[in-house]
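Everything below concerns the one structure shown next.
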There are 2 protein chains.
Amino acid sequence: MNPMNPMNPTNAMNPMNASDQMDQTDQMDETDHLYAVILAGGSGTRFWPWSRELYPKQMLALLGPNSLFQETLLRIQPAIPPQRTLIVTNERHAFDLKAQATSIGPGYRFLSEPEMKNTAPALGLAALHLQREDPEAIMAVMPADHLVRNPSRFLGLLQVATEPARRGFLVTFGIKPTRPETGFGYLKAGCLLPGLAASPDDKVLQVERFVEKPDRESAQGYLASGHFYWNSGIFVWKASTILKEIQAHLPHLYQSLKEIEPFWGTPEEKEAVANAYASVEPISIDYGVMEKSSAVALIEADIGWHDVGSWSALDEVCPKDASGNIRSGNLLDLGSQNSILLAGSRILATVGLQEMVVVDTEDATLICPKDQTQQVKQVAEEIKRRQLEQGIVHPTVHRPWGHYTVLEKGEGYKIKKIVVDPGARLSLQLHRHRSEHWVVLSGFGRVKIEGRSFELHPHQSTFIPILAKHRLENPGPAPLHIIEAQIGDYTEEDDIERFDDQYGR
Amino acid sequence: MNPMNPMNPTNAMNPMNASDQMDQTDQMDETDHLYAVILAGGSGTRFWPWSRELYPKQMLALLGPNSLFQETLLRIQPAIPPQRTLIVTNERHAFDLKAQATSIGPGYRFLSEPEMKNTAPALGLAALHLQREDPEAIMAVMPADHLVRNPSRFLGLLQVATEPARRGFLVTFGIKPTRPETGFGYLKAGCLLPGLAASPDDKVLQVERFVEKPDRESAQGYLASGHFYWNSGIFVWKASTILKEIQAHLPHLYQSLKEIEPFWGTPEEKEAVANAYASVEPISIDYGVMEKSSAVALIEADIGWHDVGSWSALDEVCPKDASGNIRSGNLLDLGSQNSILLAGSRILATVGLQEMVVVDTEDATLICPKDQTQQVKQVAEEIKRRQLEQGIVHPTVHRPWGHYTVLEKGEGYKIKKIVVDPGARLSLQLHRHRSEHWVVLSGFGRVKIEGRSFELHPHQSTFIPILAKHRLENPGPAPLHIIEAQIGDYTEEDDIERFDDQYGR
């Protein structure tokens with residue numbers, strides 16, 4: 001738990017993982033055909049109010065200084081370099097995910113879907129993309145928002161999985177169930193597949209069948225039988241294999257994907273993908289392919305996997321105080337027990353709570369008994385339905401150049417506090433519907449307005465008229481803090497015309 | 001419940017009460033010696049986070065558009081005009097209470113204590129004050145933070161009480177207990193006092209003894225006996241009587257008060273009061289006088305009295321929804337029951353709560369089971385101990401000229417949104433430790449800086465250097481909204497030197 005600012009994952013690279021990478025990359029030079037495909041398109045609502053439509057679960061630093069997405073990148077990095085790591089997401093989330101990836105290291109590749117159509121279209125598109133570049137490509141597919149407590153075992157099993165994948169299997173990572181969970185899909189395993197595991201510790205099994213989320217009684221039976229595994233959503237297969245399987249089981253999807261092929265790398269690519277996606281049915285790879293294929297293999301994945309599926313799941317993965325509480329932020333508690341009490345910078349005062357979840361952010365507070373956290377999804381959906389800002393973004397938004405906080409928004413104006421990192425520079429831009437006032441609180445800024453350049457120091461201010469091209473830069477060694485008062489009939493983020501941007505926006 | 005802004009009691013006079021006043025004042029011309037003494041010095045912590053050190057319970061609009069203090073003024077107004085209503089408070093609260101009183105009507109009188117020393121010194125000081133002005137003065141003493149559901153019965157009994165008061169009794173309003181409450185003092189009533197009640201409906205009784213807050217068992221006995229009453233803290237007596245009783249039972253206090261007398265109305269009065277108070281022991285009138293006096297009478301006060309002593313007390317006085325919840329503000333609830341859910345302008349999302357109190361304000365949130373609301377006092381005390389802003393004031397502060405909200409405060413700066421009412425004018429002032437930037441968001445302002453006058457319109461801004469005398473005025477017909485960025489090494493409210501102020505500050 002990152003106590004004070006869970007919404008701001010660190011920009012520091014994890015040094016331990018970095019050195020792991022050096023050691024293991026040498027050993028793995030032979031696996032040049034292995035690509036990571038990270039599914040980062042989810043827009044989960046179960047972690048509201050931390051998660052927002054534009055800031056879903058994978059971007060949250062739920063369990064440490066890095067976001068779950070960043071942890072996923074760090075985990076795979078020792079085996080697969082950024083140049084062979086493809087992050088599949090959608091256009092709304094790409095910008096922030098790119099910023100998070102860049103803070104881990106350079107070179108990560110992104111594939112943006114025009115719409116979210118579940119995992120089968122996303123993986124079909126990724127497979128097409130990789131096969132075109134490397135006909136022998138093997139894809140290690142993984143969600144961006146899960147926890148793996150034993151990353152070296154994970155990397156070891158990834159190696160194990162490449163052999164059956166090379167032979168044409170769709171390899172899934174199966175998790176030994178520890179409770180009769182009704183929220184996951186299950187796989188029934190059959191016999192050991194001979195000759196595929198390098199060591200007796202590694203089990204590669206046939207899969208007899210896939211089972212959708214079961215009822216409680218069935219789940220208890222599966223748990224007792226010892227033959228069932230949870231479906232982790234981690235897969236290893238050749239790009240050519242999954243495309244053949246899609247052709248067989250999802251011919252319409254295959255057809256749509258093939259229509260994109262002539263436009264790969266042309267200026268029409270984006271439009272072709274959008275056209276193809278428009279007609280594609282949303283369907284998961286599990287339901288669309290895995291349940292129907294006869295070539296599925298399972299690796300027993302004792303990797304410390306956890307899907308961290310709701311607020312109450314933090315109980316299983318976070319440290320607790322002596323009273324069984326998970327605590328963070330500016331909390332003042334008297335006698336609560338077994339509760340999840342996540343404060344932010346505001347004061348959160350709790351008295352004698354039992355088995356409760358309380359999450360406080362700058363602009364919203366959630367209070368819910370632990371055994372009802374599945375209802376948080378409905379809360380988030382209701383907030384979206386009411387078109388409230390609290391469903392979409394946080395008041396504090398991180399940008400490549402620093403961050404800003406919306407302090408106040410009203411009819412005809414918006415007040416922001418802007419922090420520009422040392423050396424950073426915003427884009428050259430103009431606004432059609434608002435003027436802006438900047439007042440420097442600390443640090444100093446270099447300002448350009450319609451070609452005129454000057455410096456702004458604390459106690460100084462400047463005015464940017466509507467339509468004036470302007471740019472703000474922090475040439476100093478300390479963060480630049482300014483207050484921006486926007487005045488105009490429309491003060492949303494999309495009234496911005498960019499002319500030059502060092503961050504390629 | 002004033003749903004959207006409980007911290008901002010209305011400025012509108014209650015028209016019904018105004019007409020009541022006209023009718024009844026005519027009947028009561030004979031009671032020219034009757035004075036109201038309203039004890040408004042309390043600094044309750046039990047309604048945190050609504051109540052703050054500078055904004056105690058009596059200032060809160062807990063039960064409607066007016067604060068409990070304003071309701072107290074409106075209740076007494078038909079019987080006693082503002083010119084004979086003396087509000088006893090302390091210097092820290094006087095400013096805001098005066099503003100609340102002024103919004104009810106002109107002419108209210110204030111007596112500020114230099115320190116809070118419980119009720120005996122406050123009432124002694126008030127008695128001295130009134131006796132000097134009118135030797136026949138009768139004081140109707142009442143707390144400013146109680147609820148009286150039947151105000152006409154209250155006024156009727158006030159009339160009844162004046163007769164025994166004239167004859168030298170200390171008359172208390174006793175409330176028939178409805179539950180074995182352990183949080184109140186009790187009075188044991190004796191025989192009816194003959195010839196003092198105008199009607200058989202009105203019971204004026206001897207008091208055999210006062211009982212401090214009893215244990216549960218005793219309270220149950222008192223309730224069953226039918227002879228015990230709750231001590232409401234409403235008293236009627238002659239100023240001369242209570243002074244004689246203070247002289248008899250609290251001679252040191254009497255001596256200290258007498259030392260003030262030579263300075264009444266002189267420039268040294270304030271200093272004399274402060275000197276006298278410095279040596280006074282804090283003690284309540286109940287413990288110091290009432291328990292010891294043999295001249296106490298009780299009026300059975302069937303006036304719909306309620307002390308509204310904690311958040312859970314709202315259950316007894318506020319309307320509820322179909323699930324038994326008291327709700328207000330920007331609340332999104334799924335299935336809570338029998339809870340007190342008070343949101344503000346932020347989003348408060350609650351799921352499946354039972355018997356809980358949740359209070360959300362701009363800068364703090366409280367969550368507490370109903371049966372533990374007595375612990376809120378400890379929370380508020382801990383917040384004061386930590387010297388947090390959330391113990392002292394709200395981010396939004398009301399002033400005679402409008403209001404402001406602190407949007408952000410940091411090392412070396414403070415950002416305020418200021419709203420100036422049409423026609424209002426702030427004092428001519430300067431600051432020794434900060435410069436200020438003003439940016440007009442809407443409306444227009446007239447600004448004076450070091451003798452230079454000009455107008456500021458939306459999109460315009462101005463700068464006020466450290467030590468520059470300045471003044472802001474709203475000459476327009478609409479509210480003036482400005483953003484103020486204060487920059488300096490010290491940005492607290494007390495860095496203000498006033499030269500001219502239409503509100504007499």
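Residues are named by chain letter and number: chains run A, B, ... in the order of the structure tokens, numbers start at 1 in each chain, and ligands are numbered from 1 in the order shown.
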| query | Neighbours of region 32-39 of chain A within 9 Å (only C-alpha atoms; same-chain residues fewer than 4 positions away dropped), as an MDAnalysis selection string? | reply | chainID A and resid 28 69 72:73 76 79:89 119 122:123 126 130 134:145 162 238
For the residues in that selection, give me N, CA and C atoms as an mmCIF file, in the first residue's frame.
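Contents of again-v2.cif, freshly written:
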data_model
loop_
_atom_site.group_PDB
_atom_site.id
_atom_site.type_symbol
_atom_site.label_atom_id
_atom_site.label_comp_id
_atom_site.auth_asym_id
_atom_site.auth_seq_id
_atom_site.Cartn_x
_atom_site.Cartn_y
_atom_site.Cartn_z
ATOM 1 N N MET A 28 18.673 -16.002 -21.755
ATOM 2 C CA MET A 28 17.481 -16.171 -22.575
ATOM 3 C C MET A 28 17.635 -15.637 -23.990
ATOM 4 N N PHE A 69 0.169 -2.238 -13.443
ATOM 5 C CA PHE A 69 0.684 -2.274 -14.818
ATOM 6 C C PHE A 69 2.212 -2.188 -14.814
ATOM 7 N N THR A 72 3.700 -5.331 -13.692
ATOM 8 C CA THR A 72 3.640 -6.340 -14.754
ATOM 9 C C THR A 72 4.819 -6.170 -15.711
ATOM 10 N N LEU A 73 5.127 -4.922 -16.062
ATOM 11 C CA LEU A 73 6.275 -4.659 -16.938
ATOM 12 C C LEU A 73 7.581 -5.084 -16.270
ATOM 13 N N ILE A 76 8.098 -8.974 -16.220
ATOM 14 C CA ILE A 76 8.397 -9.664 -17.477
ATOM 15 C C ILE A 76 9.746 -9.224 -18.059
ATOM 16 N N ALA A 79 12.890 -11.345 -18.789
ATOM 17 C CA ALA A 79 12.797 -12.380 -19.817
ATOM 18 C C ALA A 79 12.555 -11.799 -21.204
ATOM 19 N N ILE A 80 11.846 -10.698 -21.273
ATOM 20 C CA ILE A 80 11.446 -10.142 -22.565
ATOM 21 C C ILE A 80 11.723 -8.643 -22.550
ATOM 22 N N PRO A 81 12.532 -8.134 -23.455
ATOM 23 C CA PRO A 81 12.868 -6.708 -23.435
ATOM 24 C C PRO A 81 11.682 -5.852 -23.897
ATOM 25 N N PRO A 82 11.684 -4.564 -23.545
ATOM 26 C CA PRO A 82 10.585 -3.676 -23.931
ATOM 27 C C PRO A 82 10.299 -3.711 -25.437
ATOM 28 N N GLN A 83 11.335 -3.902 -26.240
ATOM 29 C CA GLN A 83 11.154 -3.896 -27.693
ATOM 30 C C GLN A 83 10.295 -5.072 -28.153
ATOM 31 N N ARG A 84 10.208 -6.113 -27.344
ATOM 32 C CA ARG A 84 9.337 -7.243 -27.698
ATOM 33 C C ARG A 84 8.131 -7.325 -26.743
ATOM 34 N N THR A 85 7.844 -6.196 -26.093
ATOM 35 C CA THR A 85 6.674 -6.140 -25.199
ATOM 36 C C THR A 85 5.617 -5.239 -25.834
ATOM 37 N N LEU A 86 4.465 -5.823 -26.127
ATOM 38 C CA LEU A 86 3.396 -5.100 -26.816
ATOM 39 C C LEU A 86 2.261 -4.870 -25.811
ATOM 40 N N ILE A 87 1.940 -3.629 -25.595
ATOM 41 C CA ILE A 87 0.889 -3.298 -24.634
ATOM 42 C C ILE A 87 -0.380 -2.982 -25.415
ATOM 43 N N VAL A 88 -1.413 -3.801 -25.210
ATOM 44 C CA VAL A 88 -2.659 -3.608 -25.941
ATOM 45 C C VAL A 88 -3.610 -2.820 -25.050
ATOM 46 N N THR A 89 -4.035 -1.691 -25.557
ATOM 47 C CA THR A 89 -4.940 -0.858 -24.766
ATOM 48 C C THR A 89 -5.859 -0.110 -25.719
ATOM 49 N N THR A 119 -11.461 -9.725 -25.056
ATOM 50 C CA THR A 119 -10.079 -10.153 -25.308
ATOM 51 C C THR A 119 -9.835 -10.828 -26.662
ATOM 52 N N ALA A 122 -8.823 -8.269 -29.318
ATOM 53 C CA ALA A 122 -7.550 -7.661 -28.917
ATOM 54 C C ALA A 122 -6.389 -8.606 -29.203
ATOM 55 N N LEU A 123 -6.576 -9.903 -28.840
ATOM 56 C CA LEU A 123 -5.478 -10.866 -29.025
ATOM 57 C C LEU A 123 -5.322 -11.246 -30.488
ATOM 58 N N ALA A 126 -3.333 -8.394 -31.949
ATOM 59 C CA ALA A 126 -1.934 -8.491 -31.518
ATOM 60 C C ALA A 126 -1.223 -9.624 -32.262
ATOM 61 N N LEU A 130 2.097 -9.333 -34.621
ATOM 62 C CA LEU A 130 3.374 -9.993 -34.305
ATOM 63 C C LEU A 130 3.759 -11.004 -35.383
ATOM 64 N N ASP A 134 7.245 -11.386 -37.241
ATOM 65 C CA ASP A 134 8.054 -12.572 -36.925
ATOM 66 C C ASP A 134 7.146 -13.791 -37.031
ATOM 67 N N PRO A 135 7.230 -14.508 -38.132
ATOM 68 C CA PRO A 135 6.311 -15.643 -38.332
ATOM 69 C C PRO A 135 6.437 -16.699 -37.234
ATOM 70 N N GLU A 136 7.568 -16.725 -36.522
ATOM 71 C CA GLU A 136 7.747 -17.706 -35.443
ATOM 72 C C GLU A 136 7.367 -17.125 -34.068
ATOM 73 N N ALA A 137 6.766 -15.962 -34.035
ATOM 74 C CA ALA A 137 6.488 -15.274 -32.768
ATOM 75 C C ALA A 137 5.685 -16.135 -31.806
ATOM 76 N N ILE A 138 6.157 -16.173 -30.557
ATOM 77 C CA ILE A 138 5.396 -16.797 -29.467
ATOM 78 C C ILE A 138 4.927 -15.669 -28.553
ATOM 79 N N MET A 139 3.627 -15.690 -28.243
ATOM 80 C CA MET A 139 3.045 -14.624 -27.420
ATOM 81 C C MET A 139 2.870 -15.109 -25.985
ATOM 82 N N ALA A 140 3.422 -14.363 -25.033
ATOM 83 C CA ALA A 140 3.111 -14.596 -23.612
ATOM 84 C C ALA A 140 2.088 -13.533 -23.226
ATOM 85 N N VAL A 141 0.837 -13.974 -23.109
ATOM 86 C CA VAL A 141 -0.277 -13.040 -22.892
ATOM 87 C C VAL A 141 -0.552 -12.914 -21.396
ATOM 88 N N MET A 142 -0.683 -11.684 -20.908
ATOM 89 C CA MET A 142 -0.999 -11.540 -19.476
ATOM 90 C C MET A 142 -1.785 -10.256 -19.219
ATOM 91 N N PRO A 143 -2.709 -10.317 -18.272
ATOM 92 C CA PRO A 143 -3.424 -9.097 -17.878
ATOM 93 C C PRO A 143 -2.472 -8.156 -17.147
ATOM 94 N N ALA A 144 -2.772 -6.859 -17.200
ATOM 95 C CA ALA A 144 -1.898 -5.854 -16.592
ATOM 96 C C ALA A 144 -2.253 -5.569 -15.143
ATOM 97 N N ASP A 145 -3.289 -6.241 -14.614
ATOM 98 C CA ASP A 145 -3.794 -5.815 -13.302
ATOM 99 C C ASP A 145 -3.829 -6.945 -12.282
ATOM 100 N N THR A 162 7.090 -22.281 -23.374
ATOM 101 C CA THR A 162 7.420 -22.025 -24.786
ATOM 102 C C THR A 162 7.507 -23.322 -25.592
ATOM 103 N N LYS A 238 1.817 -19.661 -29.975
ATOM 104 C CA LYS A 238 2.375 -19.040 -31.173
ATOM 105 C C LYS A 238 1.313 -18.129 -31.786
#
| If you count only C-alpha atoms, which residues fall within 9 Å of Val317 (chain B), apart from same-chain ones fewer than 3 positions away, as a list in words? |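 Near neighbours after the sequence-gap exclusion: Leu63, Leu147, His306, Val308, Ala313 and Leu314 of chain B.
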Kindly export the residues of the current selection with N, CA and C atoms, as an mmCIF file, in the first residue's frame.
data_model
loop_
_atom_site.group_PDB
_atom_site.id
_atom_site.type_symbol
_atom_site.label_atom_id
_atom_site.label_comp_id
_atom_site.auth_asym_id
_atom_site.auth_seq_id
_atom_site.Cartn_x
_atom_site.Cartn_y
_atom_site.Cartn_z
ATOM 1 N N LEU B 63 -31.089 21.842 12.172
ATOM 2 C CA LEU B 63 -32.486 21.400 12.067
ATOM 3 C C LEU B 63 -33.332 22.291 11.180
ATOM 4 N N LEU B 147 -33.220 22.735 21.429
ATOM 5 C CA LEU B 147 -34.405 22.770 20.578
ATOM 6 C C LEU B 147 -35.650 22.859 21.460
ATOM 7 N N HIS B 306 -35.467 19.645 23.680
ATOM 8 C CA HIS B 306 -34.464 18.624 23.348
ATOM 9 C C HIS B 306 -33.099 19.288 23.355
ATOM 10 N N VAL B 308 -30.376 18.071 21.914
ATOM 11 C CA VAL B 308 -29.637 17.722 20.683
ATOM 12 C C VAL B 308 -28.141 17.568 21.019
ATOM 13 N N ALA B 313 -28.533 11.971 18.430
ATOM 14 C CA ALA B 313 -29.772 12.637 18.868
ATOM 15 C C ALA B 313 -30.600 13.123 17.685
ATOM 16 N N LEU B 314 -29.977 13.282 16.521
ATOM 17 C CA LEU B 314 -30.749 13.722 15.350
ATOM 18 C C LEU B 314 -31.864 12.739 15.035
#
With only C-alpha atoms counted and 7 Å as the cut-off, give the residues of chain B in contact with chain A, each with its shortest interatomic distance in Å and the pair that gives it, as CSV.
residue,atom,partner,partner_atom,distance
B:Arg346,CA,A:Asp363,CA,5.5
B:Ile347,CA,A:Ala364,CA,4.6
B:Leu348,CA,A:Thr365,CA,5.0
B:Ala349,CA,A:Leu366,CA,4.8
B:Thr350,CA,A:Ile367,CA,4.9
B:Val351,CA,A:Cys368,CA,4.8
B:Gly352,CA,A:Cys368,CA,6.5
B:Leu353,CA,A:Cys368,CA,6.9
B:Asp363,CA,A:Arg346,CA,5.5
B:Ala364,CA,A:Ile347,CA,4.6
B:Thr365,CA,A:Leu348,CA,5.0
B:Leu366,CA,A:Ala349,CA,4.8
B:Ile367,CA,A:Thr350,CA,4.9
B:Cys368,CA,A:Val351,CA,4.8
B:Pro369,CA,A:Gly352,CA,6.9
B:Leu407,CA,A:Leu407,CA,6.0
B:Tyr413,CA,A:Leu441,CA,6.5
B:Ser435,CA,A:His459,CA,6.8
B:Leu441,CA,A:Ile487,CA,6.4
B:His459,CA,A:Ile487,CA,6.4
B:Ile487,CA,A:His459,CA,6.4
| task | Please provide the set of residues having any atom within 12 Å of Glu245 (chain B), restricted to only C-alpha atoms, with same-chain residues fewer than 3 positions apart removed, written as a PyMOL selection string. | result | chain B and resi 120+123-124+127+168-170+237-242+248-251+253-254+285-286+288-296
| query | Could you pull out all residues of region 90-154 of chain A with a DSSP call of helix (DSSP H, G or I) and give them as a PyMOL selection string? | reply | chain A and resi 91-104+119-133+151-154
| field | Shell around Gly156 (chain B) at 10 Å using only C-alpha atoms, local window under 5 positions removed, as a list in words | value |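 Listed by chain and then number, they are Ala79, Pro151, Ala161, Asp202 and Ile303 of chain B.
Shortest atom-to-atom contact with Leu205 (chain A) among A:Glu300, A:Glu497, A:Asp307, A:Glu455: A:Glu300, counting only C-alpha atoms.
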| task | Figure out the distance between CA of Gly183 (chain A) and CA of Pro214 (chain A), please, to one decimal in Å. | result | 7.7 Å
Non-local contacts of Leu426 (chain B) (7 Å; only C-alpha atoms; under 6 positions in same chain excluded) as a JSON list (two decimals) with all heavy atoms, in the first residue's frame:
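And here's selection_3.json as it stands now:
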[["chain", "number", "residue", "atom", "x", "y", "z"],
["B", 401, "TRP", "N", -19.51, 40.59, 4.57],
["B", 401, "TRP", "CA", -19.51, 41.01, 3.17],
["B", 401, "TRP", "C", -19.71, 39.88, 2.17],
["B", 401, "TRP", "O", -19.78, 40.12, 0.96],
["B", 401, "TRP", "CB", -18.21, 41.75, 2.83],
["B", 401, "TRP", "CG", -16.97, 41.07, 3.35],
["B", 401, "TRP", "CD1", -16.27, 41.38, 4.48],
["B", 401, "TRP", "CD2", -16.29, 39.94, 2.79],
["B", 401, "TRP", "NE1", -15.19, 40.53, 4.64],
["B", 401, "TRP", "CE2", -15.19, 39.63, 3.62],
["B", 401, "TRP", "CE3", -16.51, 39.15, 1.65],
["B", 401, "TRP", "CZ2", -14.33, 38.57, 3.36],
["B", 401, "TRP", "CZ3", -15.64, 38.10, 1.39],
["B", 401, "TRP", "CH2", -14.57, 37.82, 2.25],
["B", 471, "ARG", "N", -8.42, 47.86, -0.78],
["B", 471, "ARG", "CA", -9.82, 47.66, -0.45],
["B", 471, "ARG", "C", -10.53, 47.07, -1.66],
["B", 471, "ARG", "O", -10.25, 47.44, -2.79],
["B", 471, "ARG", "CB", -10.43, 49.00, -0.08],
["B", 471, "ARG", "CG", -11.89, 48.94, 0.30],
["B", 471, "ARG", "CD", -12.28, 50.20, 1.05],
["B", 471, "ARG", "NE", -13.15, 49.86, 2.14],
["B", 471, "ARG", "CZ", -13.45, 50.66, 3.15],
["B", 471, "ARG", "NH1", -12.93, 51.87, 3.21],
["B", 471, "ARG", "NH2", -14.26, 50.26, 4.11],
["B", 472, "LEU", "N", -11.48, 46.17, -1.40],
["B", 472, "LEU", "CA", -12.24, 45.54, -2.48],
["B", 472, "LEU", "C", -13.72, 45.78, -2.22],
["B", 472, "LEU", "O", -14.19, 45.65, -1.09],
["B", 472, "LEU", "CB", -11.95, 44.03, -2.51],
["B", 472, "LEU", "CG", -12.74, 43.18, -3.51],
["B", 472, "LEU", "CD1", -12.43, 43.61, -4.95],
["B", 472, "LEU", "CD2", -12.42, 41.70, -3.32],
["B", 473, "GLU", "N", -14.43, 46.10, -3.31],
["B", 473, "GLU", "CA", -15.84, 46.44, -3.17],
["B", 473, "GLU", "C", -16.58, 45.84, -4.35],
["B", 473, "GLU", "O", -16.03, 45.73, -5.46],
["B", 473, "GLU", "CB", -15.95, 47.97, -3.20],
["B", 473, "GLU", "CG", -17.35, 48.49, -3.03],
["B", 473, "GLU", "CD", -17.38, 50.03, -3.03],
["B", 473, "GLU", "OE1", -16.29, 50.65, -3.05],
["B", 473, "GLU", "OE2", -18.48, 50.58, -3.04],
["B", 501, "ASP", "N", -13.62, 50.10, 8.35],
["B", 501, "ASP", "CA", -14.42, 48.90, 8.14],
["B", 501, "ASP", "C", -15.87, 49.23, 8.39],
["B", 501, "ASP", "O", -16.23, 49.66, 9.48],
["B", 501, "ASP", "CB", -13.95, 47.79, 9.08],
["B", 501, "ASP", "CG", -14.71, 46.49, 8.86],
["B", 501, "ASP", "OD1", -15.16, 46.26, 7.72],
["B", 501, "ASP", "OD2", -14.89, 45.74, 9.83]]
